[in-house]
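Enquirer: This is the structure I have questions about; it appears just below.
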Amino acid sequence: MTTGDASSLSPGNALLPLLVGSFEIPRELSPRPGLTHIVFDFDGTLSWVRHGWPEIMFGVFARNWRGLADETESARRSVMEEIVFGMNGRPTILQMQRFAELMNARGEPVLNAETLRVEFQNRLDAEIATRLELIRTARAQPDDFVIFGARSLLEHLKRIGMTLVILSSTVEHRVREEADALKLAEFFGRHIYGSGADAAAFSKMAVLRRLLAEEGIEGANLLSLGDGPVEISGTKELGGAAIAICSDENQNGSGKMDAFKKQQLLAAGADAALPDFRDCIALMNFLLQK
């Protein structure tokens, strides 16, 4: 495994470029000159508009928690993390269903997953509306809510002819609205995919398979970048490469990898883990042999 800060390298990855930030590469990373399509998750990967959503979800869960007599605070947090982070990348209703199942098994009254989802969504929507209003009224710049280094990477990838794709479990019209507000939509054109009216039926893997068929490409042509395990494991299953963006939910551009995301995403098969996009142009050039 190659880990480092400030450009440390290992003999197993001797051809890697000089990296300026922290990183972790669990196995030898080989060039992928056949990459043509770069798939990005949206929330937490490109957009910081919804940052802090885990704590909002934790709050909803805490208010509806049915504890056990011998349950510690750390055990409770662990159960919640498995739902909040372990199911990150799946539709929110599925996280709420899982929480409701666990709590309902502990006794009455029965929790309703949709009621939980609405409570979470209303609180999150209020945060989103405030942040988008800051951008629209020029009290904040779009890049204040774009993950550090992302725009430079998108510009670079577009310039060298890569096809760029957003794949999010968020409702599609909301993804498009937020991508427009952040001035990111122009990089992706028609390739912005989100969930439909029936969020529970949405599958990132199904969209990835459809993308391969419609674009006439193979899994080996794909690279996914995301902060959730769904896009990472799905892309690896199809034969593609995957980079974990372990973004800091509290300080955009801190350069620190979220520890839970890093552990989870490397376990999902990520080929490399980074805190943001500061090293992604160098890493992409290595993969593409540019």
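Residues are named by chain letter and number: chains run A, B, ... in the order of the structure tokens, numbers start at 1 in each chain, and ligands are numbered from 1 in the order shown.
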Give me the residues near Phe99 in chain A as an NGL selection string, where near means some atom within 9 Å (using only C-alpha atoms) and where sequence neighbours in that chain fewer than 4 positions away do not count.
Expert: :A and (61 or 80 or 83 or 94-95 or 103-104 or 111 or 113)
Enquirer: According to DSSP computed on the backbone, where in range 123-224 of chain A is there helix (DSSP H, G or I)? Give the residues as a count of residues only.
Expert: 59
Enquirer: Compile the contact shell of range 163-179 of chain A as a ChimeraX atom specification: residues with an atom at most 8 Å away, counting only C-alpha atoms, same-chain residues fewer than 4 positions apart removed.
Expert: /A:36-43,47,49,89-91,132,157-158,183-185,187-188,191-197,199,202-204,207
Enquirer: Write a file of the selected residues as an mmCIF file, in the first residue's frame, keeping C-alpha atoms.
Expert:
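Final output, selection.cif:
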data_model
loop_
_atom_site.group_PDB
_atom_site.id
_atom_site.type_symbol
_atom_site.label_atom_id
_atom_site.label_comp_id
_atom_site.auth_asym_id
_atom_site.auth_seq_id
_atom_site.Cartn_x
_atom_site.Cartn_y
_atom_site.Cartn_z
ATOM 1 C CA THR A 36 -12.699 7.707 -22.347
ATOM 2 C CA HIS A 37 -15.553 8.372 -19.895
ATOM 3 C CA ILE A 38 -15.067 9.926 -16.448
ATOM 4 C CA VAL A 39 -18.022 9.499 -14.075
ATOM 5 C CA PHE A 40 -18.470 11.797 -11.077
ATOM 6 C CA ASP A 41 -20.772 11.454 -8.135
ATOM 7 C CA PHE A 42 -22.217 14.877 -7.350
ATOM 8 C CA ASP A 43 -22.921 15.565 -3.670
ATOM 9 C CA SER A 47 -20.725 19.849 -4.950
ATOM 10 C CA VAL A 49 -23.842 22.582 -1.386
ATOM 11 C CA GLY A 89 -24.869 6.814 -2.684
ATOM 12 C CA ARG A 90 -28.196 5.012 -2.406
ATOM 13 C CA PRO A 91 -31.553 6.834 -2.363
ATOM 14 C CA LEU A 132 -27.894 28.733 -3.294
ATOM 15 C CA LEU A 157 -10.457 16.668 -18.819
ATOM 16 C CA LYS A 158 -12.714 18.551 -21.221
ATOM 17 C CA LYS A 183 -21.586 26.637 -13.189
ATOM 18 C CA LEU A 184 -20.666 22.980 -13.603
ATOM 19 C CA ALA A 185 -23.442 21.795 -15.914
ATOM 20 C CA PHE A 187 -18.936 20.368 -18.578
ATOM 21 C CA PHE A 188 -21.417 17.495 -18.740
ATOM 22 C CA HIS A 191 -24.707 13.332 -19.316
ATOM 23 C CA ILE A 192 -26.277 14.355 -15.997
ATOM 24 C CA TYR A 193 -28.125 11.446 -14.404
ATOM 25 C CA GLY A 194 -30.087 11.375 -11.171
ATOM 26 C CA SER A 195 -32.995 9.487 -9.699
ATOM 27 C CA GLY A 196 -36.571 9.821 -10.903
ATOM 28 C CA ALA A 197 -39.885 10.106 -9.087
ATOM 29 C CA ALA A 199 -36.142 7.116 -5.881
ATOM 30 C CA PHE A 202 -33.015 4.043 -8.834
ATOM 31 C CA SER A 203 -29.840 2.056 -9.476
ATOM 32 C CA LYS A 204 -26.451 3.563 -10.269
ATOM 33 C CA VAL A 207 -27.332 3.719 -15.291
#
Enquirer: Select, from A:Gln263, A:Ser74, A:Thr92, A:Thr130, the residue with the minimum atom-to-atom distance to Glu114 in chain A, counting only C-alpha atoms.
Expert: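 Checking each candidate against Glu114 in chain A, we get A:Thr92 as the closest.
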Enquirer: Which is closest to Ala273 in chain A among A:Phe58, A:Phe145, A:Phe120, A:Phe260, if we use only C-alpha atoms?
Expert: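 Smallest distance to Ala273 in chain A is found for A:Phe260.
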Enquirer: Kindly indicate which residue among A:Thr115, A:Ser30, A:Asn88, A:Ser247 lies nearest to Phe277 in chain A, using only C-alpha atoms for the distances.
Expert: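 When distances to Phe277 in chain A are compared using only C-alpha atoms, the smallest one comes from A:Ser247.
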Enquirer: Could you list, as a list in words, every residue within 10 Å of Ile245 in chain A, counting only C-alpha atoms and ignoring same-chain residues fewer than 4 positions away?
Expert: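 Counting only the stated atoms, we get Phe23, Phe40, Asp41, Gly44, Thr45, Leu46, Ile147, Ser224, Leu225, Gly226, Asp227, Gly228, Met257, Asp258, Lys261, Lys262, Leu265, Ala270, Ala272, Ala273, Leu274, Pro275, Asp276, Phe277 and Cys280 of chain A.
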Enquirer: Just the strand (DSSP E or B) stuff from range 109-266 of chain A, please, per backbone DSSP, written as a list in words.
Expert: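 Checking each residue of range 109-266 of chain A, the strand (DSSP E or B) ones are Val146, Thr163, Leu164, Val165, Ile166, Leu167, Ser168, Ser169, Thr170, Val171, Ile192, Tyr193, Gly194, Ser195, Leu222, Leu223, Ser224, Leu225, Gly226, Ala241, Ala242, Ile243, Ala244 and Ile245 of chain A.
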Enquirer: Skipping near chain neighbours, those fewer than 2 positions away, what residues fall within 9 Å of Trp53 in chain A using only C-alpha atoms, listed as JSON, numbers by chain?
Expert: {"A": [50, 51, 55, 56, 57, 58, 120, 124, 249]}
Enquirer: Residues as selected, N, CA and C atoms, written as a PDB file, in the first residue's frame, can you do that?
Expert:
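out34.pdb, written as the output of this step:
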ATOM      1  N   ARG A  50     -24.449  20.503  -0.270  1.00  0.00           N
ATOM      2  CA  ARG A  50     -25.147  19.687   0.730  1.00  0.00           C
ATOM      3  C   ARG A  50     -24.231  19.241   1.867  1.00  0.00           C
ATOM      4  N   HIS A  51     -23.099  19.925   2.010  1.00  0.00           N
ATOM      5  CA  HIS A  51     -22.178  19.498   3.061  1.00  0.00           C
ATOM      6  C   HIS A  51     -22.882  19.583   4.418  1.00  0.00           C
ATOM      7  N   GLU A  55     -24.650  14.978   9.458  1.00  0.00           N
ATOM      8  CA  GLU A  55     -25.045  15.384  10.805  1.00  0.00           C
ATOM      9  C   GLU A  55     -26.548  15.651  10.882  1.00  0.00           C
ATOM     10  N   ILE A  56     -27.128  16.131   9.773  1.00  0.00           N
ATOM     11  CA  ILE A  56     -28.585  16.302   9.746  1.00  0.00           C
ATOM     12  C   ILE A  56     -29.266  14.950   9.879  1.00  0.00           C
ATOM     13  N   MET A  57     -28.759  13.959   9.145  1.00  0.00           N
ATOM     14  CA  MET A  57     -29.344  12.624   9.224  1.00  0.00           C
ATOM     15  C   MET A  57     -29.126  12.019  10.603  1.00  0.00           C
ATOM     16  N   PHE A  58     -27.934  12.199  11.165  1.00  0.00           N
ATOM     17  CA  PHE A  58     -27.693  11.719  12.522  1.00  0.00           C
ATOM     18  C   PHE A  58     -28.706  12.334  13.495  1.00  0.00           C
ATOM     19  N   PHE A 120     -35.865  14.724   7.301  1.00  0.00           N
ATOM     20  CA  PHE A 120     -34.480  14.937   6.871  1.00  0.00           C
ATOM     21  C   PHE A 120     -34.422  15.893   5.686  1.00  0.00           C
ATOM     22  N   LEU A 124     -32.554  19.548   5.285  1.00  0.00           N
ATOM     23  CA  LEU A 124     -31.479  19.694   4.307  1.00  0.00           C
ATOM     24  C   LEU A 124     -31.832  20.740   3.257  1.00  0.00           C
ATOM     25  N   GLU A 249     -16.312  16.949   5.208  1.00  0.00           N
ATOM     26  CA  GLU A 249     -17.652  17.525   5.286  1.00  0.00           C
ATOM     27  C   GLU A 249     -17.674  18.847   6.040  1.00  0.00           C
TER      28      GLU A 249
END
Enquirer: Using CA of Gly240 in chain A and CA of Ser152 in chain A as the two end points, give the distance in Å to one decimal.
Expert: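 Computed distance, CA of Gly240 in chain A to CA of Ser152 in chain A, equals 23.0 Å.
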Enquirer: Using only C-alpha atoms, pick whichever of A:Glu214, A:Asn285, A:Lys290, A:Ile243 has the shortest atom-to-atom distance to Pro26 in chain A.
Expert: A:Ile243
Enquirer: Which is closer to Leu238 in chain A than all the others in A:Glu119, A:Glu24, A:Glu218, A:Glu71, using only C-alpha atoms?
Expert: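 Of the candidates, the smallest distance to Leu238 in chain A is held by A:Glu218.
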Enquirer: Please compute the CA of Gln141 in chain A-CA of Gly253 in chain A distance, one decimal, in Å.
Expert: 14.9 Å
Enquirer: Considering only C-alpha atoms, can you say which of A:Leu182, A:Met162, A:Ser233, A:Glu101 comes closest to Asn221 in chain A?
Expert: A:Met162
